[in-house]
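Colleague: My structure is stored as run.tsv, with TSV, C-alpha atoms.
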```
chain	number	residue	atom	x	y	z
A	236	MET	CA	0.29	7.18	17.30
A	237	ASP	CA	0.50	4.10	19.55
A	238	LYS	CA	4.18	3.12	19.35
A	239	SER	CA	3.37	-0.33	20.74
A	240	ASP	CA	0.89	-1.12	17.96
A	241	THR	CA	3.37	-2.22	15.31
A	242	TRP	CA	3.12	-4.42	12.25
A	243	THR	CA	5.73	-6.71	10.74
A	244	VAL	CA	6.44	-7.74	7.17
A	245	ALA	CA	9.19	-10.24	6.31
A	246	GLY	CA	10.71	-9.79	9.77
A	247	ARG	CA	10.84	-5.98	9.56
A	248	THR	CA	8.74	-4.04	12.03
A	249	PHE	CA	7.11	-0.66	11.45
A	250	THR	CA	4.98	1.71	13.51
A	251	SER	CA	3.38	3.75	10.72
A	252	ARG	CA	0.76	1.87	8.73
A	253	LEU	CA	0.80	4.40	5.90
A	254	ILE	CA	3.01	3.81	2.85
A	255	VAL	CA	3.37	6.61	0.33
A	256	GLY	CA	4.61	6.85	-3.24
A	257	THR	CA	7.19	9.03	-4.94
A	258	GLY	CA	5.45	9.93	-8.20
A	259	LYS	CA	3.41	12.89	-9.47
A	260	TYR	CA	4.84	15.42	-7.02
A	261	ARG	CA	5.92	18.88	-8.19
A	262	ASP	CA	9.50	18.15	-7.18
A	263	PHE	CA	11.62	16.11	-4.78
A	264	GLU	CA	11.32	18.80	-2.08
A	265	GLN	CA	7.53	18.60	-2.05
A	266	ASN	CA	7.69	14.80	-2.05
A	267	ALA	CA	10.04	14.80	0.94
A	268	ALA	CA	7.83	17.26	2.84
A	269	ALA	CA	4.78	15.09	2.20
A	270	VAL	CA	6.57	11.98	3.43
A	271	ALA	CA	7.58	13.83	6.60
A	272	ALA	CA	4.01	15.06	7.18
A	273	SER	CA	2.59	11.58	6.60
A	274	GLY	CA	4.82	9.93	9.17
A	275	ALA	CA	5.41	7.11	6.66
A	276	GLU	CA	8.36	4.81	7.24
A	277	ILE	CA	8.18	3.20	3.79
A	278	VAL	CA	8.12	4.84	0.35
A	279	THR	CA	7.57	3.09	-2.96
A	280	VAL	CA	9.95	3.87	-5.80
A	281	ALA	CA	9.24	3.04	-9.45
A	282	VAL	CA	12.53	1.53	-10.57
A	283	ARG	CA	11.86	2.29	-14.23
A	284	ARG	CA	11.04	5.98	-13.63
A	285	VAL	CA	13.10	7.25	-10.69
A	286	ASN	CA	16.84	7.73	-10.81
A	287	VAL	CA	18.41	5.64	-8.07
A	288	SER	CA	21.85	5.03	-9.56
A	289	ASP	CA	23.05	7.94	-11.76
A	290	PRO	CA	25.05	10.29	-9.47
A	291	ALA	CA	25.14	13.03	-12.13
A	292	ALA	CA	21.37	13.57	-12.04
A	293	PRO	CA	19.12	14.68	-9.15
A	294	MET	CA	18.38	11.71	-6.93
A	295	LEU	CA	15.47	10.95	-4.66
A	296	THR	CA	17.93	9.69	-2.07
A	297	ASP	CA	19.23	13.28	-1.67
A	298	TYR	CA	15.82	14.28	-0.32
A	299	ILE	CA	14.46	11.12	1.32
A	300	ASP	CA	17.17	9.38	3.34
A	301	PRO	CA	17.18	5.61	2.70
A	302	LYS	CA	18.86	5.14	6.09
A	303	LYS	CA	15.76	6.59	7.79
A	304	ILE	CA	12.99	5.64	5.35
A	305	THR	CA	12.65	2.13	3.89
A	306	TYR	CA	12.66	2.19	0.10
A	307	LEU	CA	10.27	-0.27	-1.55
A	308	PRO	CA	11.23	-0.62	-5.23
A	309	ASN	CA	8.22	-1.41	-7.40
A	310	THR	CA	7.58	-2.61	-10.93
A	311	ALA	CA	5.17	0.13	-12.02
A	312	GLY	CA	4.76	0.07	-15.80
A	313	CYS	CA	5.48	-3.65	-16.20
A	314	PHE	CA	2.92	-5.64	-18.19
A	315	ASN	CA	4.41	-9.14	-18.01
A	316	ALA	CA	6.23	-11.31	-15.50
A	317	ASP	CA	9.58	-11.24	-17.34
A	318	ASP	CA	9.77	-7.43	-17.32
A	319	ALA	CA	8.83	-7.26	-13.66
A	320	ILE	CA	11.41	-9.88	-12.66
A	321	ARG	CA	14.13	-8.16	-14.69
A	322	THR	CA	13.26	-4.78	-13.17
A	323	LEU	CA	13.57	-6.08	-9.62
A	324	ARG	CA	16.83	-7.88	-10.37
A	325	LEU	CA	18.21	-4.51	-11.51
A	326	ALA	CA	16.91	-2.88	-8.32
A	327	ARG	CA	18.70	-5.47	-6.22
A	328	GLU	CA	21.93	-4.90	-8.11
A	329	ALA	CA	21.62	-1.10	-7.83
A	330	GLY	CA	20.60	-0.83	-4.19
A	331	GLY	CA	20.70	-4.26	-2.62
A	332	TRP	CA	16.93	-4.29	-2.11
A	333	ASP	CA	15.16	-7.58	-1.48
A	334	LEU	CA	11.90	-6.30	0.06
A	335	VAL	CA	10.08	-5.22	-3.09
A	336	LYS	CA	6.63	-4.39	-4.40
A	337	LEU	CA	5.50	-6.45	-7.36
A	338	GLU	CA	2.83	-5.25	-9.74
A	339	VAL	CA	2.21	-6.76	-13.16
A	340	LEU	CA	-0.47	-4.84	-15.02
A	341	GLY	CA	-2.91	-6.37	-17.45
A	342	GLU	CA	-3.72	-3.34	-19.59
A	343	ALA	CA	-3.12	0.39	-19.72
A	344	LYS	CA	-6.78	1.42	-19.54
A	345	THR	CA	-7.71	-0.07	-16.16
A	346	LEU	CA	-4.23	-0.79	-14.73
A	347	TYR	CA	-5.76	-3.91	-13.22
A	348	PRO	CA	-3.25	-6.63	-12.36
A	349	ASN	CA	-2.73	-9.60	-14.65
A	350	MET	CA	-3.02	-12.30	-11.99
A	351	ARG	CA	-1.58	-15.14	-14.08
A	352	GLU	CA	1.60	-13.15	-14.75
A	353	THR	CA	1.62	-11.79	-11.18
A	354	LEU	CA	1.50	-15.28	-9.70
A	355	GLU	CA	4.25	-16.50	-12.01
A	356	ALA	CA	6.49	-13.55	-11.10
A	357	THR	CA	5.83	-14.05	-7.38
A	358	GLU	CA	6.97	-17.68	-7.56
A	359	VAL	CA	10.17	-16.82	-9.43
A	360	LEU	CA	11.06	-13.86	-7.20
A	361	ALA	CA	10.45	-15.81	-3.99
A	362	LYS	CA	12.73	-18.61	-5.21
A	363	GLU	CA	15.42	-16.03	-5.95
A	364	GLY	CA	15.32	-14.72	-2.40
A	365	PHE	CA	13.19	-11.65	-2.95
A	366	LEU	CA	10.52	-10.69	-0.43
A	367	PRO	CA	7.64	-9.61	-2.67
A	368	MET	CA	4.74	-7.49	-1.44
A	369	VAL	CA	2.22	-8.07	-4.21
A	370	TYR	CA	-0.43	-5.82	-5.79
A	371	CYS	CA	-3.47	-7.92	-6.65
A	372	VAL	CA	-7.18	-7.97	-7.39
A	373	ASP	CA	-9.55	-7.81	-4.42
A	374	ASP	CA	-10.15	-11.56	-4.56
A	375	PRO	CA	-9.61	-13.74	-1.46
A	376	ILE	CA	-8.77	-16.82	-3.55
A	377	ALA	CA	-6.12	-14.98	-5.58
A	378	ALA	CA	-4.71	-13.45	-2.39
A	379	LYS	CA	-4.28	-16.90	-0.84
A	380	GLN	CA	-2.61	-18.22	-3.99
A	381	LEU	CA	-0.11	-15.37	-3.85
A	382	GLU	CA	0.60	-16.09	-0.20
A	383	ASP	CA	1.21	-19.76	-1.02
A	384	ALA	CA	3.52	-18.69	-3.87
A	385	GLY	CA	5.75	-16.70	-1.49
A	386	ALA	CA	4.22	-13.22	-1.20
A	387	VAL	CA	5.24	-11.64	2.14
A	388	ALA	CA	2.24	-9.28	1.92
A	389	VAL	CA	-0.81	-9.05	-0.31
A	390	MET	CA	-1.97	-5.66	-1.54
A	391	PRO	CA	-5.49	-5.74	-2.98
A	392	LEU	CA	-6.70	-2.69	-4.87
A	393	GLY	CA	-9.49	-0.62	-3.36
A	394	ALA	CA	-10.34	0.83	-6.79
A	395	PRO	CA	-8.37	1.40	-10.02
A	396	ILE	CA	-4.94	3.02	-9.61
A	397	GLY	CA	-5.14	6.80	-9.51
A	398	SER	CA	-8.95	6.87	-9.59
A	399	GLY	CA	-9.58	8.19	-6.09
A	400	LEU	CA	-12.86	6.25	-5.99
A	401	GLY	CA	-12.27	4.75	-2.56
A	402	ILE	CA	-12.80	1.15	-1.50
A	403	GLN	CA	-15.41	-0.31	-3.81
A	404	ASN	CA	-15.79	-3.77	-2.31
A	405	ARG	CA	-15.54	-3.89	1.45
A	406	VAL	CA	-16.78	-7.48	1.53
A	407	THR	CA	-13.86	-8.97	-0.41
A	408	ILE	CA	-11.26	-6.83	1.38
A	409	ARG	CA	-12.60	-8.09	4.71
A	410	LEU	CA	-12.52	-11.69	3.45
A	411	ILE	CA	-8.90	-11.28	2.33
A	412	VAL	CA	-7.99	-9.94	5.78
A	413	GLU	CA	-9.77	-12.81	7.52
A	414	GLY	CA	-8.06	-15.45	5.38
A	415	ALA	CA	-4.53	-14.08	5.27
A	416	SER	CA	-1.58	-15.02	7.45
A	417	VAL	CA	0.60	-12.28	5.92
A	418	PRO	CA	-0.03	-8.51	6.12
A	419	VAL	CA	-2.83	-7.10	3.96
A	420	LEU	CA	-2.51	-3.54	2.68
A	421	VAL	CA	-5.00	-1.72	0.50
A	422	ASP	CA	-3.10	-0.46	-2.52
A	423	ALA	CA	-4.69	1.88	-5.06
A	424	GLY	CA	-7.93	3.82	-5.25
A	425	VAL	CA	-7.77	5.87	-2.06
A	426	GLY	CA	-8.93	9.42	-2.71
A	427	THR	CA	-9.43	11.05	0.65
A	428	ALA	CA	-8.92	10.51	4.37
A	429	SER	CA	-12.19	8.66	4.95
A	430	ASP	CA	-11.13	6.02	2.38
A	431	ALA	CA	-7.95	5.34	4.35
A	432	ALA	CA	-9.95	5.07	7.57
A	433	VAL	CA	-12.30	2.54	5.96
A	434	ALA	CA	-9.35	0.35	4.92
A	435	MET	CA	-8.08	0.29	8.47
A	436	GLU	CA	-11.54	-0.31	9.96
A	437	LEU	CA	-11.76	-3.44	7.79
A	438	GLY	CA	-8.71	-4.79	9.61
A	439	CYS	CA	-6.05	-4.11	7.00
A	440	ASP	CA	-2.48	-3.83	8.28
A	441	GLY	CA	-1.83	-0.72	6.24
A	442	VAL	CA	-2.65	1.48	3.26
A	443	LEU	CA	-0.51	2.51	0.30
A	444	MET	CA	-1.27	5.66	-1.66
A	445	ASN	CA	0.35	8.12	-4.02
A	446	THR	CA	-2.07	10.14	-6.15
A	447	ALA	CA	-4.39	10.99	-3.25
A	448	ILE	CA	-1.60	12.99	-1.65
A	449	ALA	CA	0.42	14.10	-4.68
A	450	GLU	CA	-2.59	15.50	-6.58
A	451	ALA	CA	-4.28	17.14	-3.60
A	452	LYS	CA	-4.39	20.94	-3.80
A	453	ASP	CA	-2.30	20.98	-0.61
A	454	PRO	CA	-0.27	17.73	-0.61
A	455	ILE	CA	1.41	18.39	2.73
A	456	ARG	CA	-1.88	18.96	4.51
A	457	MET	CA	-3.41	15.91	2.83
A	458	ALA	CA	-0.43	13.80	3.91
A	459	ARG	CA	-1.09	14.86	7.49
A	460	ALA	CA	-4.80	14.08	7.08
A	461	MET	CA	-3.98	10.60	5.79
A	462	LYS	CA	-1.69	9.97	8.75
A	463	LEU	CA	-4.48	10.84	11.16
A	464	ALA	CA	-7.08	8.87	9.19
A	465	VAL	CA	-4.99	5.70	9.23
A	466	GLU	CA	-4.45	6.07	12.98
A	467	ALA	CA	-8.15	6.74	13.61
A	468	GLY	CA	-9.25	3.81	11.47
A	469	ARG	CA	-6.82	1.50	13.25
A	470	ASP	CA	-8.03	2.65	16.68
A	471	SER	CA	-11.64	2.16	15.58
A	472	TYR	CA	-10.87	-1.39	14.42
A	473	LEU	CA	-9.10	-2.27	17.67
A	474	ALA	CA	-11.88	-0.71	19.76
A	475	GLY	CA	-14.50	-2.98	18.15
A	476	ARG	CA	-17.41	-1.13	16.66
A	477	MET	CA	-20.97	-1.35	17.96
A	478	GLY	CA	-23.35	-3.78	16.33
A	479	VAL	CA	-25.47	-2.55	13.44
A	480	ARG	CA	-29.21	-2.49	14.17
A	481	ARG	CA	-32.12	-2.16	11.77
A	482	TYR	CA	-34.01	0.19	14.05
A	483	ALA	CA	-33.36	2.87	16.66
A	484	ASP	CA	-32.09	2.01	20.11
A	485	PRO	CA	-32.16	4.95	22.54
A	486	SER	CA	-29.02	6.01	24.36
A	487	SER	CA	-31.14	6.73	27.46
A	488	PRO	CA	-33.62	4.09	28.70
A	489	LEU	CA	-37.26	4.81	28.01
A	490	ALA	CA	-38.53	2.79	30.99
A	491	GLY	CA	-39.32	4.58	34.23
A	492	LEU	CA	-39.88	8.00	32.68
A	493	ILE	CA	-41.88	10.51	34.70
```
Represent the structure from my file as structure tokens, please.
Modeller:
Amino acid sequence: MDKSDTWTVAGRTFTSRLIVGTGKYRDFEQNAAAVAASGAEIVTVAVRRVNVSDPAAPMLTDYIDPKKITYLPNTAGCFNADDAIRTLRLAREAGGWDLVKLEVLGEAKTLYPNMRETLEATEVLAKEGFLPMVYCVDDPIAAKQLEDAGAVAVMPLGAPIGSGLGIQNRVTIRLIVEGASVPVLVDAGVGTASDAAVAMELGCDGVLMNTAIAEAKDPIRMARAMKLAVEAGRDSYLAGRMGVRRYADPSSPLAGLI
């Protein structure tokens, strides 16, 4: 990992470009081991599902140290702006978090974001001093609207949440990257290491994933694979790939052959 190749969101600088979730793991121990193997410096936490405030019950913070790993509370399971806003207000009261991940889902079947509600929530949260990183459709116009509304990062889906289908529309992801002045992170749909590499090769600042690691047969090994894939994809992007040609072009010149 190139320690000098950092990225910054809302004034906070990170070296790892991989963000991982804290759901679907066998237990907290496995989750913590996967985070360590991934090299991630940020983990997402579903405020409505993970205990972050009841000291009598097992707590994620006992296994993943919030002093060493940045917690990113998210609004998973919220289907309207009011619920999402309320959830993040509770997160701020419980843990003092202001850097948050906003997702407002449109329906349970596809888990696609409801962009009208998402935009409304972004505006309210930004006015209240939150720093929202926002899950959105892979639409460059919607991404720009979120940025204008106060999103500190836009997080277009690669494919439906938990599907593992990989990035379905490279064109729109690239357009979002080209038009954004805040970080762009692919969020949702990654299934394997090559998907993560593609996201980085498109110029994204990072990739967020949960199911791809948590539901792998060997989550720890997959976490390590994702770490390497993100680094390789980033290096490939910075190196500048060769041009695509319609026909062959020999590596060795054909002229002057004996």
Colleague: Within 7 Å of segment 428-435 of chain A, counting all atoms listed in the file, which residues show up once you throw out same-chain ones fewer than 4 positions away? Write them as a PDB file with C-alpha atoms, in the frame of the given file, please.
Modeller:
```
ATOM      1  CA  GLY A 401     -12.270   4.750  -2.560  1.00  0.00           C
ATOM      2  CA  ILE A 402     -12.800   1.150  -1.500  1.00  0.00           C
ATOM      3  CA  VAL A 421      -5.000  -1.720   0.500  1.00  0.00           C
ATOM      4  CA  CYS A 439      -6.050  -4.110   7.000  1.00  0.00           C
ATOM      5  CA  ASP A 440      -2.480  -3.830   8.280  1.00  0.00           C
ATOM      6  CA  GLY A 441      -1.830  -0.720   6.240  1.00  0.00           C
ATOM      7  CA  VAL A 442      -2.650   1.480   3.260  1.00  0.00           C
ATOM      8  CA  ALA A 460      -4.800  14.080   7.080  1.00  0.00           C
ATOM      9  CA  MET A 461      -3.980  10.600   5.790  1.00  0.00           C
ATOM     10  CA  ALA A 464      -7.080   8.870   9.190  1.00  0.00           C
ATOM     11  CA  VAL A 465      -4.990   5.700   9.230  1.00  0.00           C
ATOM     12  CA  ALA A 467      -8.150   6.740  13.610  1.00  0.00           C
ATOM     13  CA  GLY A 468      -9.250   3.810  11.470  1.00  0.00           C
ATOM     14  CA  ARG A 469      -6.820   1.500  13.250  1.00  0.00           C
ATOM     15  CA  TYR A 472     -10.870  -1.390  14.420  1.00  0.00           C
TER      16      TYR A 472
END
```
Colleague: Which of these, A:Gln265, A:Gln380, A:Gln403, A:Asn309, has the shortest distance to Val417 of chain A once you count only C-alpha atoms?
Modeller: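 Looking at the shortest contact to Val417 of chain A, the residue is A:Gln380.
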Colleague: When distances are computed from all atoms listed in the file, which of A:Ala415, A:Leu437, A:Ala329, A:Ile396 shows the smallest separation from Pro308 of chain A?
Modeller: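 Once distances to Pro308 of chain A are computed over all atoms listed in the file, the minimum belongs to A:Ala329.
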Colleague: Report the distance between atom CA of Gly364 of chain A and atom CA of Leu334 of chain A in Å, rounded to one decimal place.
Modeller: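 These two atoms are separated by 9.4 Å.
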Colleague: Could you work out how far atom CA of Trp332 of chain A lies from atom CA of Lys259 of chain A, giving the answer in Å with one decimal?
Modeller: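 Computing it gives 23.1 Å between the two atoms.
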Colleague: Kindly give the distance, in Å, that separates atom CA of Ala386 of chain A and atom CA of Glu358 of chain A, rounded to a single decimal.
Modeller: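 Distance reported for this atom pair: 8.2 Å.
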Colleague: If you count only C-alpha atoms, which residues fall within 10 Å of Pro375 of chain A, apart from same-chain ones fewer than 5 positions away, as an MDAnalysis selection string?
Modeller: chainID A and resid 380:381 391 406:415
Colleague: Smallest atom-to-atom distance to Ala281 of chain A: which of A:Arg327, A:Lys336, A:Arg247, A:Lys238, using all atoms listed in the file?
Modeller: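 For Ala281 of chain A, the nearest of the candidates is A:Lys336.
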Colleague: From the list A:Asp333, A:Glu338, A:Asp484, A:Glu466, which residue is nearest Ser251 of chain A when using only C-alpha atoms?
Modeller: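 Closest to Ser251 of chain A of all the choices is A:Glu466.
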Colleague: Measuring atom to atom with all atoms listed in the file, identify which of A:Gly475, A:Leu420, A:Pro485, A:Leu463 is nearest to Ala272 of chain A.
Modeller: A:Leu463
Colleague: Can you sort out the box for segment 342-361 of chain A, edges along x, y and z, all listed atoms in, 3 Å on every side, with centre and edge lengths in Å to one decimal, as lines of an AutoDock Vina configuration file?
Modeller:
```
center_x = 1.7
center_y = -8.1
center_z = -11.9
size_x = 24.8
size_y = 25.1
size_z = 21.7
```
Colleague: Using all atoms listed in the file, give me every residue within 12 Å of (-3.1, 18.1, 6.4) in file coordinates, as a PyMOL selection string.
Modeller: chain A and resi 268-274+427-428+448+451-464
Colleague: Pick out the closest residue to Val372 of chain A from this set: A:Thr279, A:Ser416, A:Thr353, A:Ser486. Count all atoms listed in the file.
Modeller: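 Using all atoms listed in the file, Val372 of chain A sits closest to A:Thr353.
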